[in-house]
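Read the structure below first, then the notes.
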Amino acid sequence: MSRLRFVLAALAAFAFGTAGAGDIKLPDYQTVRLDNGATLLLAPRKDVPMVAATVLVRGGALADPAGKEGTADLLAEMLSKGAGDRDALAFAQTVDGAGGSMAFGSSAEALTANAQFLSKDTGLMLSLLADALLRPAMTQAEFDKLRKRAIDGIAAAKDADPRQLIGLYANGWLFRGHPYGRPTGGDETSLARITLDDLQTFRRQQMGGDRLIISIAGDFDPAAVTAQVRQAFGSWGKAAGALPQIAAKARETGRRVLLVDKPGATQTYFALGNVGTSRDDPARAAQDLVQTAFGGRFTSMLNTELRVKSGLTYGAGSRIERPRLPGGAQITSFTRTESTKAAIDLAIATLDRLHRDGLDAATLQSAKHYIAGQYAPGLETAPQLASAIAWLTLYGDGRDYIDGYLGQVAAATPEQVAAARAVFPDSKDLVIVAIGDAARIRDVMRGYGPVTEMKITDPRFSP
């Protein structure tokens, strides 16, 4: 891997051009449509001898069969466990031998692949991607290992530090009965139900050339790569099934509480939230300013109150999830069991202060500078460029989704930012999750609304 690491180190200011101070612009890229419906995105740059690819296949975890959540995720992992005429070991050795990297995964709306290779190995990269997507080995032995590892990983997280699971419980409780509440990676029950035949069926129904987006950035010849992609992927037929169609979930009113009992826990992990906003919200820039100041950086309102001033936690923050339809807007933190009430009360009081007082001029200006400083480093390298334009295409966004963003941040008025506070719920309308020792915090949690209980050992993330 040493050659690739050297190349990556040289990429710090590679991909994105600037049209002026604080103005980030996507470089020019070409869109090619293949006869089978696939979309090819080409962003050639000659700065360093490297090429990166992001591949998306529409139809991710939202297409998982009911009761078999985690199907798309397991399938994505299986794609590199042997493909073409290579078994799992030979496939991995071929990638490593070229000094490259290749990883597969899934999201709610797509199966994903990300690859980075030296330019001279572009053909090999495309060949490996084509083998994985069109000709995966899908052996029973590899499937059994992956499924067991996934189940064991969830059980281990529940037994140790459940901090990484609070988001799964929070989404499962907020979006109960809605597709957004289904865990992308599955749970212990759903994973145990999935068979290798289920993965094969999903692959036939939800994968095909008409769902394919291939984005390539770096040092390559566009004509040559276009020809290679046509040869490698042009014969891939259409997916047999339909893309999942879902409706938006309305914001909830009132409060409800889920208490996940972890006996003997010395800390309580909690999340407070409600339905927030979607990817195409025109108030995105103003909402991001609110999010940054409220819970998106170390000096945020939440972290200042819960960590810096009170010492109730080592960290507190908020997040806004923006899928195609409105996702969650949530506060998360953790605290000692005995300070559960103090920490949750302070989080709610800070939320109330956001809605009551808003952001003063100095805080708003600081948030604008913070976003401007953080935005560009996330859009510099060839892999970042390939990923950015692939996801723009998946969601049907124009390049102005990126090109115009910092301008919208800079131009956001106090009135727009004040209105954008509504992305976070009023404190009277909260969906609350707490993971902790129920015997010690049950009465505390009852003070926030009607309580539903489950055990951390239950094989699901929602009751």
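Ordering of the structure tokens sets the chain letters (A, B, ...); residue numbers start at 1 within each chain; ligands are numbered from 1 in the order shown.
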Closest contacts (region 291-381 of chain A/region 422-439 of chain A, max 12 Å, only C-alpha atoms) as JSON lines:
{"residue": "A:Gln291", "atom": "CA", "partner": "A:Phe424", "partner_atom": "CA", "distance": 8.7}
{"residue": "A:Phe294", "atom": "CA", "partner": "A:Phe424", "partner_atom": "CA", "distance": 9.8}
{"residue": "A:Gly295", "atom": "CA", "partner": "A:Phe424", "partner_atom": "CA", "distance": 10.9}
{"residue": "A:Ser318", "atom": "CA", "partner": "A:Phe424", "partner_atom": "CA", "distance": 9.3}
{"residue": "A:Arg319", "atom": "CA", "partner": "A:Phe424", "partner_atom": "CA", "distance": 9.5}
{"residue": "A:Ile320", "atom": "CA", "partner": "A:Val423", "partner_atom": "CA", "distance": 8.2}
{"residue": "A:Glu321", "atom": "CA", "partner": "A:Val423", "partner_atom": "CA", "distance": 10.6}
{"residue": "A:Arg322", "atom": "CA", "partner": "A:Val423", "partner_atom": "CA", "distance": 11.1}
{"residue": "A:Pro326", "atom": "CA", "partner": "A:Val423", "partner_atom": "CA", "distance": 10.2}
{"residue": "A:Gly327", "atom": "CA", "partner": "A:Val423", "partner_atom": "CA", "distance": 10.5}
{"residue": "A:Gly328", "atom": "CA", "partner": "A:Phe424", "partner_atom": "CA", "distance": 9.1}
{"residue": "A:Ala329", "atom": "CA", "partner": "A:Phe424", "partner_atom": "CA", "distance": 5.9}
{"residue": "A:Gln330", "atom": "CA", "partner": "A:Phe424", "partner_atom": "CA", "distance": 7.5}
{"residue": "A:Ile331", "atom": "CA", "partner": "A:Phe424", "partner_atom": "CA", "distance": 9.1}
{"residue": "A:Thr332", "atom": "CA", "partner": "A:Val433", "partner_atom": "CA", "distance": 9.5}
{"residue": "A:Ser333", "atom": "CA", "partner": "A:Ala434", "partner_atom": "CA", "distance": 9.9}
{"residue": "A:Phe334", "atom": "CA", "partner": "A:Ala434", "partner_atom": "CA", "distance": 9.1}
{"residue": "A:Thr335", "atom": "CA", "partner": "A:Gly436", "partner_atom": "CA", "distance": 9.9}
{"residue": "A:Arg336", "atom": "CA", "partner": "A:Gly436", "partner_atom": "CA", "distance": 9.5}
{"residue": "A:Thr337", "atom": "CA", "partner": "A:Gly436", "partner_atom": "CA", "distance": 7.2}
{"residue": "A:Glu338", "atom": "CA", "partner": "A:Asp437", "partner_atom": "CA", "distance": 10.2}
{"residue": "A:Ser339", "atom": "CA", "partner": "A:Gly436", "partner_atom": "CA", "distance": 11.7}
{"residue": "A:Thr340", "atom": "CA", "partner": "A:Gly436", "partner_atom": "CA", "distance": 9.3}
{"residue": "A:Lys341", "atom": "CA", "partner": "A:Ala434", "partner_atom": "CA", "distance": 11.1}
{"residue": "A:Ala343", "atom": "CA", "partner": "A:Ala434", "partner_atom": "CA", "distance": 11.7}
{"residue": "A:Ile344", "atom": "CA", "partner": "A:Ala434", "partner_atom": "CA", "distance": 9.8}
{"residue": "A:Asp345", "atom": "CA", "partner": "A:Ser427", "partner_atom": "CA", "distance": 10.4}
{"residue": "A:Leu346", "atom": "CA", "partner": "A:Ser427", "partner_atom": "CA", "distance": 11.6}
{"residue": "A:Ala347", "atom": "CA", "partner": "A:Ser427", "partner_atom": "CA", "distance": 9.7}
{"residue": "A:Ile348", "atom": "CA", "partner": "A:Ser427", "partner_atom": "CA", "distance": 6.3}
{"residue": "A:Ala349", "atom": "CA", "partner": "A:Ser427", "partner_atom": "CA", "distance": 8.3}
{"residue": "A:Thr350", "atom": "CA", "partner": "A:Ser427", "partner_atom": "CA", "distance": 9.7}
{"residue": "A:Leu351", "atom": "CA", "partner": "A:Ser427", "partner_atom": "CA", "distance": 6.8}
{"residue": "A:Asp352", "atom": "CA", "partner": "A:Ser427", "partner_atom": "CA", "distance": 6.5}
{"residue": "A:Arg353", "atom": "CA", "partner": "A:Ser427", "partner_atom": "CA", "distance": 10.3}
{"residue": "A:Leu354", "atom": "CA", "partner": "A:Phe424", "partner_atom": "CA", "distance": 9.2}
{"residue": "A:His355", "atom": "CA", "partner": "A:Asp426", "partner_atom": "CA", "distance": 7.6}
{"residue": "A:Arg356", "atom": "CA", "partner": "A:Asp426", "partner_atom": "CA", "distance": 10.3}
{"residue": "A:Gly358", "atom": "CA", "partner": "A:Ala422", "partner_atom": "CA", "distance": 10.7}
(request) With a distance cut-off of 6 Å and only C-alpha atoms, select the neighbouring residues of region 192-205 of chain A, excluding the residue or stretch itself and same-chain residues fewer than 4 positions from it, and output the selection as an NGL selection string. (result) :A and (68 or 75 or 239-241)
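The two atoms in question, CA of Ala141 (chain A) and CA of Gly84 (chain A), are spaced 16.9 Å apart.
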(request) Using backbone DSSP assignments, extract all alpha helix (DSSP H) residues from region 20-254 of chain A; output them as a PyMOL selection string. (result) chain A and resi 71-78+88-97+122-134+140-159+166-174+188-193+196-206+222-233
(request) Mind listing the strand (DSSP E) residues of region 108-194 of chain A, per DSSP on the backbone, as an MDAnalysis selection string? (result) chainID A and resid 110:118
(request) Excluding Pro463 (chain A) and any residue of its chain fewer than 5 positions from it, enumerate the residues within 8 Å of it, using only C-alpha atoms, and give them as number ranges by chain. (result) A: 452-454
Restrict the selected residues to C-alpha atoms and save them as an mmCIF file, in the first residue's frame.
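After the write, selection.cif holds the following:
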data_model
loop_
_atom_site.group_PDB
_atom_site.id
_atom_site.type_symbol
_atom_site.label_atom_id
_atom_site.label_comp_id
_atom_site.auth_asym_id
_atom_site.auth_seq_id
_atom_site.Cartn_x
_atom_site.Cartn_y
_atom_site.Cartn_z
ATOM 1 C CA THR A 452 -42.120 1.898 26.829
ATOM 2 C CA GLU A 453 -39.430 -0.519 27.994
ATOM 3 C CA MET A 454 -37.285 -3.120 26.319
#
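Distances here use only C-alpha atoms; by that measure, the residue among A:Asp400, A:Glu415, A:Asp261, A:Asp288 closest to Val451 (chain A) is A:Asp261.
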(request) Check the smallest atom-to-atom distance from each of A:Gly37, A:Pro44, A:Gly185, A:Gly105 to Gly234 (chain A) using only C-alpha atoms, then report the winner. (result) A:Gly37
